[in-house]
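One structure is given here, and the rest of the page talks about it.
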Amino acid sequence: MTRRPLFLALAAHLLILGGAARADLLKDPQWQAWLDGGRSVDLVRAAQARAKVQPDDDQAAVALAMAAVDDNDAARLEAAVPALQACVDKRPQAACSYALGRVYGQQAMTASVFKMPGLASKTKEQFVKAVELDPTLYEARVGLTQFYLMAPGFAGGSVPKAKELAVEAQARQPEHAKLLRALLAMNDKDWGAAERELASVKPGDDRTVLRELRGSWSRLGFEFMEQKNLPKARGIFETLQKDYPGHAVGPYGLGRVLTEMGQADEAVKSLERARTLEGAERMPIDHRLGQALLAKGDKVAAKAALERFVQNKRANPRNIEEAKKLLAGLA
């Protein structure tokens, strides 16, 4: 894997796994809810107001950084670095190191081949610091695990180190350790082992585990879909829809599977429902809705959905290009 695809994939996996935040990352429950729901406009407004009154407020710095990562806004990513660096240097804490690592990782996605190695090194360095400062911060641990699994050896990748992170979590956070082992199994393409680990997780009322379990199941569902094991994928997304009725990932994944199964009418209904739920802003729903509408034969509605999607600044460039090709075909 070349370097830029490495960071594109890493960023995508962190989003899928719910890596934007945890309960302790943003201590204000409302801020946390905005971040979890992808409502970056509200989060930025509140964080900027606090930073104006308290310029050295570390929670405001973390919130602004994570919102910039969520929006993939280059100018705001760069602007977030000084405050985070000040926190890391003067008031070391895991949240700041984790957020700074996410910023560097996001910047690496579009960096030149000359700057990318340095940003990769900085990403790893901050994730390592975050884990050292707070071994219970799952997002830092899973972010570092992903880095070790996906980076080539010369850039700091190491499968043994990734496995160590899972082992270290076992005594303190056994349910987190199961999630990490599932991630390792998926990296090895051992889908059965991944499914067994996820099925064994007992999240209780731990919101972090609930969120990460949802993300891990969704990734496994998409893996089965890619393998054309559509009944298996459908079962996973139907279960996600039942277990997380307020979140978009279940109906979104189900809509994609139904499209693949040739059930366009049901796919459109599922994707339309997904558009109204939490987390929809982070998913290329209008792209997939456009595809389902085309399969249904509704070119007018498909064109409208695809035109909405290409205006989405958060969207993955690959999805944007595919949507533009579909629009060109309609023209």
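Identifiers for the structure tokens are assigned positionally: chains receive A, B, ... in sequence, residues are indexed from 1 per chain, and ligands are indexed from 1 in the order shown.
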Original post:
If we count only C-alpha atoms, what is near A:Ala68 at a cut-off of 10 Å, once residues fewer than 2 positions away on the same chain are taken out, given as an NGL selection string?
Top reply: :A and (40 or 44 or 62-66 or 70-80 or 102-103 or 106)
Go ahead and save the picked residues with N, CA, C and O atoms, as a PDB file, in the first residue's frame.
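Output below, filename selection.pdb:
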```
ATOM      1  N   SER A  40     -20.815  19.441  13.683  1.00  0.00           N
ATOM      2  CA  SER A  40     -19.609  20.227  13.912  1.00  0.00           C
ATOM      3  C   SER A  40     -19.878  21.726  13.970  1.00  0.00           C
ATOM      4  O   SER A  40     -19.160  22.455  14.655  1.00  0.00           O
ATOM      5  N   VAL A  44     -18.314  23.780  16.953  1.00  0.00           N
ATOM      6  CA  VAL A  44     -17.352  24.856  16.691  1.00  0.00           C
ATOM      7  C   VAL A  44     -17.841  26.161  17.298  1.00  0.00           C
ATOM      8  O   VAL A  44     -17.054  26.906  17.908  1.00  0.00           O
ATOM      9  N   VAL A  62      -9.359  20.849  21.900  1.00  0.00           N
ATOM     10  CA  VAL A  62      -9.642  19.492  21.432  1.00  0.00           C
ATOM     11  C   VAL A  62     -10.908  19.479  20.582  1.00  0.00           C
ATOM     12  O   VAL A  62     -10.954  18.850  19.513  1.00  0.00           O
ATOM     13  N   ALA A  63     -11.942  20.173  21.042  1.00  0.00           N
ATOM     14  CA  ALA A  63     -13.201  20.204  20.300  1.00  0.00           C
ATOM     15  C   ALA A  63     -13.023  20.812  18.916  1.00  0.00           C
ATOM     16  O   ALA A  63     -13.528  20.278  17.917  1.00  0.00           O
ATOM     17  N   LEU A  64     -12.299  21.932  18.833  1.00  0.00           N
ATOM     18  CA  LEU A  64     -12.090  22.583  17.539  1.00  0.00           C
ATOM     19  C   LEU A  64     -11.273  21.686  16.605  1.00  0.00           C
ATOM     20  O   LEU A  64     -11.536  21.621  15.402  1.00  0.00           O
ATOM     21  N   ALA A  65     -10.297  20.985  17.171  1.00  0.00           N
ATOM     22  CA  ALA A  65      -9.475  20.086  16.353  1.00  0.00           C
ATOM     23  C   ALA A  65     -10.291  18.922  15.815  1.00  0.00           C
ATOM     24  O   ALA A  65     -10.214  18.584  14.626  1.00  0.00           O
ATOM     25  N   MET A  66     -11.097  18.300  16.670  1.00  0.00           N
ATOM     26  CA  MET A  66     -11.864  17.148  16.232  1.00  0.00           C
ATOM     27  C   MET A  66     -12.939  17.542  15.225  1.00  0.00           C
ATOM     28  O   MET A  66     -13.244  16.783  14.302  1.00  0.00           O
ATOM     29  N   ASP A  70     -13.264  16.146  11.480  1.00  0.00           N
ATOM     30  CA  ASP A  70     -14.549  15.649  10.988  1.00  0.00           C
ATOM     31  C   ASP A  70     -14.921  16.306   9.665  1.00  0.00           C
ATOM     32  O   ASP A  70     -15.457  15.655   8.757  1.00  0.00           O
ATOM     33  N   ASP A  71     -14.635  17.596   9.549  1.00  0.00           N
ATOM     34  CA  ASP A  71     -14.976  18.339   8.330  1.00  0.00           C
ATOM     35  C   ASP A  71     -13.876  18.292   7.280  1.00  0.00           C
ATOM     36  O   ASP A  71     -14.067  18.779   6.159  1.00  0.00           O
ATOM     37  N   ASN A  72     -12.700  17.753   7.647  1.00  0.00           N
ATOM     38  CA  ASN A  72     -11.545  17.704   6.743  1.00  0.00           C
ATOM     39  C   ASN A  72     -11.269  19.089   6.150  1.00  0.00           C
ATOM     40  O   ASN A  72     -11.111  19.256   4.940  1.00  0.00           O
ATOM     41  N   ASP A  73     -11.184  20.078   7.045  1.00  0.00           N
ATOM     42  CA  ASP A  73     -10.961  21.467   6.650  1.00  0.00           C
ATOM     43  C   ASP A  73      -9.488  21.802   6.862  1.00  0.00           C
ATOM     44  O   ASP A  73      -9.026  21.923   8.004  1.00  0.00           O
ATOM     45  N   ALA A  74      -8.742  21.935   5.774  1.00  0.00           N
ATOM     46  CA  ALA A  74      -7.286  22.102   5.853  1.00  0.00           C
ATOM     47  C   ALA A  74      -6.885  23.323   6.668  1.00  0.00           C
ATOM     48  O   ALA A  74      -5.954  23.258   7.491  1.00  0.00           O
ATOM     49  N   ALA A  75      -7.561  24.440   6.449  1.00  0.00           N
ATOM     50  CA  ALA A  75      -7.203  25.668   7.165  1.00  0.00           C
ATOM     51  C   ALA A  75      -7.454  25.522   8.656  1.00  0.00           C
ATOM     52  O   ALA A  75      -6.626  25.936   9.489  1.00  0.00           O
ATOM     53  N   ARG A  76      -8.577  24.933   9.017  1.00  0.00           N
ATOM     54  CA  ARG A  76      -8.884  24.756  10.439  1.00  0.00           C
ATOM     55  C   ARG A  76      -7.990  23.696  11.081  1.00  0.00           C
ATOM     56  O   ARG A  76      -7.649  23.798  12.259  1.00  0.00           O
ATOM     57  N   LEU A  77      -7.591  22.690  10.324  1.00  0.00           N
ATOM     58  CA  LEU A  77      -6.645  21.707  10.855  1.00  0.00           C
ATOM     59  C   LEU A  77      -5.339  22.388  11.231  1.00  0.00           C
ATOM     60  O   LEU A  77      -4.786  22.162  12.316  1.00  0.00           O
ATOM     61  N   GLU A  78      -4.822  23.225  10.343  1.00  0.00           N
ATOM     62  CA  GLU A  78      -3.573  23.930  10.617  1.00  0.00           C
ATOM     63  C   GLU A  78      -3.741  24.882  11.799  1.00  0.00           C
ATOM     64  O   GLU A  78      -2.858  24.984  12.659  1.00  0.00           O
ATOM     65  N   ALA A  79      -4.887  25.552  11.863  1.00  0.00           N
ATOM     66  CA  ALA A  79      -5.131  26.504  12.952  1.00  0.00           C
ATOM     67  C   ALA A  79      -5.256  25.810  14.307  1.00  0.00           C
ATOM     68  O   ALA A  79      -5.006  26.427  15.354  1.00  0.00           O
ATOM     69  N   ALA A  80      -5.621  24.531  14.309  1.00  0.00           N
ATOM     70  CA  ALA A  80      -5.812  23.800  15.567  1.00  0.00           C
ATOM     71  C   ALA A  80      -4.493  23.386  16.210  1.00  0.00           C
ATOM     72  O   ALA A  80      -4.447  23.117  17.419  1.00  0.00           O
ATOM     73  N   ARG A 102      -4.659  12.907  15.495  1.00  0.00           N
ATOM     74  CA  ARG A 102      -5.690  12.857  14.461  1.00  0.00           C
ATOM     75  C   ARG A 102      -5.505  13.983  13.438  1.00  0.00           C
ATOM     76  O   ARG A 102      -5.716  13.802  12.246  1.00  0.00           O
ATOM     77  N   VAL A 103      -5.133  15.175  13.916  1.00  0.00           N
ATOM     78  CA  VAL A 103      -4.904  16.296  13.001  1.00  0.00           C
ATOM     79  C   VAL A 103      -3.760  15.977  12.047  1.00  0.00           C
ATOM     80  O   VAL A 103      -3.884  16.152  10.826  1.00  0.00           O
ATOM     81  N   GLN A 106      -4.807  13.413   9.490  1.00  0.00           N
ATOM     82  CA  GLN A 106      -5.686  13.975   8.463  1.00  0.00           C
ATOM     83  C   GLN A 106      -4.880  14.818   7.474  1.00  0.00           C
ATOM     84  O   GLN A 106      -5.120  14.772   6.256  1.00  0.00           O
TER      85      GLN A 106
END
```
**OP:** Might you pull out every residue within 7 Å of stretch 118-135 of chain A, with only C-alpha atoms counted and same-chain residues fewer than 5 positions away left off, and present them as a list of chain:residue names?
**Re:** A:Gln93, A:Ala94, A:Ala95, A:Ser97, A:Tyr98, A:Leu100, A:Gly101, A:Arg102, A:Tyr104, A:Gly105, A:Ala108, A:Ala140, A:Arg141, A:Gly143, A:Leu144
Write the residues you've just listed into a file as a short mmCIF file (atom, residue, chain, number, x, y, z; two decimals), in the first residue's frame, and include all heavy atoms for each of them.
```cif
data_model
loop_
_atom_site.label_atom_id
_atom_site.label_comp_id
_atom_site.auth_asym_id
_atom_site.auth_seq_id
_atom_site.Cartn_x
_atom_site.Cartn_y
_atom_site.Cartn_z
N GLN A 93 -1.80 15.78 28.45
CA GLN A 93 -2.98 14.97 28.70
C GLN A 93 -3.33 14.20 27.44
O GLN A 93 -3.05 14.66 26.32
CB GLN A 93 -4.15 15.84 29.15
CG GLN A 93 -4.45 17.01 28.27
CD GLN A 93 -5.44 17.97 28.90
OE1 GLN A 93 -6.65 17.71 28.90
NE2 GLN A 93 -4.95 19.07 29.43
N ALA A 94 -3.92 13.05 27.64
CA ALA A 94 -4.16 12.13 26.53
C ALA A 94 -5.07 12.74 25.47
O ALA A 94 -4.86 12.52 24.27
CB ALA A 94 -4.78 10.83 27.06
N ALA A 95 -6.09 13.49 25.88
CA ALA A 95 -7.04 14.04 24.91
C ALA A 95 -6.34 14.94 23.91
O ALA A 95 -6.62 14.89 22.70
CB ALA A 95 -8.14 14.81 25.63
N SER A 97 -3.05 14.94 23.07
CA SER A 97 -2.15 14.16 22.22
C SER A 97 -2.93 13.37 21.17
O SER A 97 -2.54 13.30 20.00
CB SER A 97 -1.30 13.21 23.06
OG SER A 97 -0.31 13.92 23.77
N TYR A 98 -4.05 12.79 21.59
CA TYR A 98 -4.87 12.04 20.64
C TYR A 98 -5.39 12.97 19.54
O TYR A 98 -5.31 12.64 18.35
CB TYR A 98 -6.04 11.38 21.37
CG TYR A 98 -7.06 10.80 20.43
CD1 TYR A 98 -6.76 9.69 19.64
CD2 TYR A 98 -8.33 11.37 20.31
CE1 TYR A 98 -7.70 9.17 18.76
CE2 TYR A 98 -9.27 10.84 19.43
CZ TYR A 98 -8.95 9.76 18.66
OH TYR A 98 -9.87 9.24 17.79
N LEU A 100 -4.19 15.81 18.54
CA LEU A 100 -3.09 16.27 17.69
C LEU A 100 -2.68 15.17 16.72
O LEU A 100 -2.40 15.45 15.54
CB LEU A 100 -1.90 16.70 18.56
CG LEU A 100 -0.74 17.37 17.85
CD1 LEU A 100 -1.18 18.57 17.03
CD2 LEU A 100 0.34 17.79 18.87
N GLY A 101 -2.66 13.93 17.18
CA GLY A 101 -2.36 12.82 16.28
C GLY A 101 -3.38 12.70 15.17
O GLY A 101 -3.03 12.45 14.01
N ARG A 102 -4.66 12.91 15.49
CA ARG A 102 -5.69 12.86 14.46
C ARG A 102 -5.50 13.98 13.44
O ARG A 102 -5.72 13.80 12.25
CB ARG A 102 -7.09 12.95 15.09
CG ARG A 102 -7.53 11.72 15.84
CD ARG A 102 -7.67 10.49 14.96
NE ARG A 102 -8.54 10.70 13.82
CZ ARG A 102 -9.86 10.58 13.82
NH1 ARG A 102 -10.49 10.25 14.93
NH2 ARG A 102 -10.56 10.76 12.72
N TYR A 104 -2.65 15.49 12.59
CA TYR A 104 -1.50 15.15 11.73
C TYR A 104 -1.87 14.05 10.73
O TYR A 104 -1.48 14.10 9.56
CB TYR A 104 -0.32 14.69 12.59
CG TYR A 104 0.38 15.80 13.34
CD1 TYR A 104 0.86 15.58 14.63
CD2 TYR A 104 0.57 17.05 12.77
CE1 TYR A 104 1.52 16.59 15.33
CE2 TYR A 104 1.21 18.06 13.46
CZ TYR A 104 1.68 17.82 14.75
OH TYR A 104 2.33 18.82 15.44
N GLY A 105 -2.62 13.06 11.18
CA GLY A 105 -3.02 11.99 10.28
C GLY A 105 -3.91 12.49 9.16
O GLY A 105 -3.77 12.07 8.00
N ALA A 108 -1.84 14.35 6.66
CA ALA A 108 -1.02 13.46 5.84
C ALA A 108 -1.76 12.95 4.62
O ALA A 108 -1.14 12.59 3.62
CB ALA A 108 -0.54 12.28 6.69
N ALA A 140 -7.33 6.31 21.45
CA ALA A 140 -5.88 6.39 21.24
C ALA A 140 -5.30 5.00 21.00
O ALA A 140 -4.47 4.80 20.11
CB ALA A 140 -5.22 7.04 22.45
N ARG A 141 -5.77 4.04 21.77
CA ARG A 141 -5.25 2.67 21.62
C ARG A 141 -5.63 2.08 20.27
O ARG A 141 -4.81 1.44 19.60
CB ARG A 141 -5.76 1.80 22.77
CG ARG A 141 -5.13 0.40 22.83
CD ARG A 141 -5.55 -0.33 24.10
NE ARG A 141 -4.96 0.28 25.28
CZ ARG A 141 -3.77 -0.03 25.77
NH1 ARG A 141 -3.03 -0.95 25.17
NH2 ARG A 141 -3.30 0.56 26.84
N GLY A 143 -6.45 3.81 17.59
CA GLY A 143 -5.76 4.59 16.56
C GLY A 143 -4.33 4.11 16.36
O GLY A 143 -3.86 3.96 15.23
N LEU A 144 -3.64 3.85 17.47
CA LEU A 144 -2.27 3.36 17.38
C LEU A 144 -2.25 1.94 16.82
O LEU A 144 -1.35 1.60 16.02
CB LEU A 144 -1.62 3.40 18.77
CG LEU A 144 -0.14 3.02 18.85
CD1 LEU A 144 0.71 3.89 17.93
CD2 LEU A 144 0.36 3.13 20.30
#
```
Do you know which residues are at most 8 Å from A:Cys96 counting only C-alpha atoms, after dropping those on the same chain fewer than 4 positions away, and could you put them as a tab-separated table (two decimals) with N, CA, C and O atoms, in the first residue's frame?
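Listing of selection39.tsv after writing:
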```
chain	number	residue	atom	x	y	z
A	58	ASP	N	-8.18	23.83	27.20
A	58	ASP	CA	-7.76	22.65	26.43
A	58	ASP	C	-8.94	21.91	25.82
A	58	ASP	O	-8.82	21.35	24.72
A	61	ALA	N	-9.78	23.54	22.64
A	61	ALA	CA	-8.79	23.20	21.61
A	61	ALA	C	-9.06	21.82	21.03
A	61	ALA	O	-9.00	21.62	19.81
A	62	VAL	N	-9.36	20.85	21.90
A	62	VAL	CA	-9.64	19.49	21.43
A	62	VAL	C	-10.91	19.48	20.58
A	62	VAL	O	-10.95	18.85	19.51
A	84	LEU	N	-3.21	22.88	20.53
A	84	LEU	CA	-2.98	21.49	20.95
A	84	LEU	C	-1.53	21.28	21.35
A	84	LEU	O	-1.24	20.58	22.33
A	85	GLN	N	-0.61	21.88	20.60
A	85	GLN	CA	0.81	21.73	20.92
A	85	GLN	C	1.12	22.34	22.28
A	85	GLN	O	1.90	21.80	23.06
A	87	CYS	N	-0.95	22.58	24.77
A	87	CYS	CA	-1.48	21.64	25.75
A	87	CYS	C	-0.53	20.47	25.95
A	87	CYS	O	-0.22	20.09	27.08
A	88	VAL	N	-0.06	19.90	24.84
A	88	VAL	CA	0.85	18.75	24.91
A	88	VAL	C	2.14	19.11	25.64
A	88	VAL	O	2.67	18.34	26.44
A	92	PRO	N	0.39	18.21	29.71
A	92	PRO	CA	0.24	16.94	29.00
A	92	PRO	C	-1.00	16.17	29.43
A	92	PRO	O	-1.23	15.97	30.62
A	100	LEU	N	-4.19	15.81	18.54
A	100	LEU	CA	-3.09	16.27	17.69
A	100	LEU	C	-2.68	15.17	16.72
A	100	LEU	O	-2.40	15.45	15.54
A	130	ALA	N	-0.51	9.53	23.88
A	130	ALA	CA	-1.88	9.46	24.41
A	130	ALA	C	-2.10	8.16	25.17
A	130	ALA	O	-2.69	8.15	26.25
```
Original post:
Which residue out of A:Ala233, A:Ala99, A:Met109, A:Val53 has the minimum interatomic distance to A:Pro317 when only C-alpha atoms are used?
Top reply: A:Met109
Subject >> Who sits within 12 Å of stretch 190-207 of chain A, only C-alpha atoms, same chain under 5 positions skipped, as a PyMOL selection string >> reply: chain A and resi 18+21-24+32-33+36+138+173-185+212-224+227+229+232-233+236+239
Spatial neighbours of stretch 283-297 of chain A, 7 Å, only C-alpha atoms, chain gap at least 5 places, as a PDB file with C-alpha atoms, in the first residue's frame:
```pdb
ATOM      1  CA  TYR A 252     -27.391   2.720   5.483  1.00  0.00           C
ATOM      2  CA  ARG A 256     -26.424  -0.868   0.238  1.00  0.00           C
ATOM      3  CA  THR A 259     -29.211  -2.535  -3.755  1.00  0.00           C
ATOM      4  CA  ALA A 264     -34.106  -1.256  -5.272  1.00  0.00           C
ATOM      5  CA  ASP A 265     -37.448  -0.162  -3.809  1.00  0.00           C
ATOM      6  CA  ALA A 267     -33.025  -0.051  -0.669  1.00  0.00           C
ATOM      7  CA  VAL A 268     -34.354   3.446  -1.373  1.00  0.00           C
ATOM      8  CA  LEU A 271     -31.380   4.851   2.647  1.00  0.00           C
ATOM      9  CA  ARG A 275     -30.576  10.224   5.974  1.00  0.00           C
ATOM     10  CA  ALA A 302     -31.173   9.981  -8.638  1.00  0.00           C
ATOM     11  CA  LYS A 303     -29.801  13.147 -10.227  1.00  0.00           C
ATOM     12  CA  ALA A 305     -29.419  12.888  -4.739  1.00  0.00           C
ATOM     13  CA  LEU A 306     -26.113  12.768  -6.600  1.00  0.00           C
ATOM     14  CA  ARG A 308     -26.543  16.939  -3.273  1.00  0.00           C
ATOM     15  CA  PHE A 309     -23.719  14.529  -2.642  1.00  0.00           C
ATOM     16  CA  ALA A 315     -17.210  13.299   1.352  1.00  0.00           C
ATOM     17  CA  ALA A 323     -20.920  10.242  -8.182  1.00  0.00           C
TER      18      ALA A 323
END
```
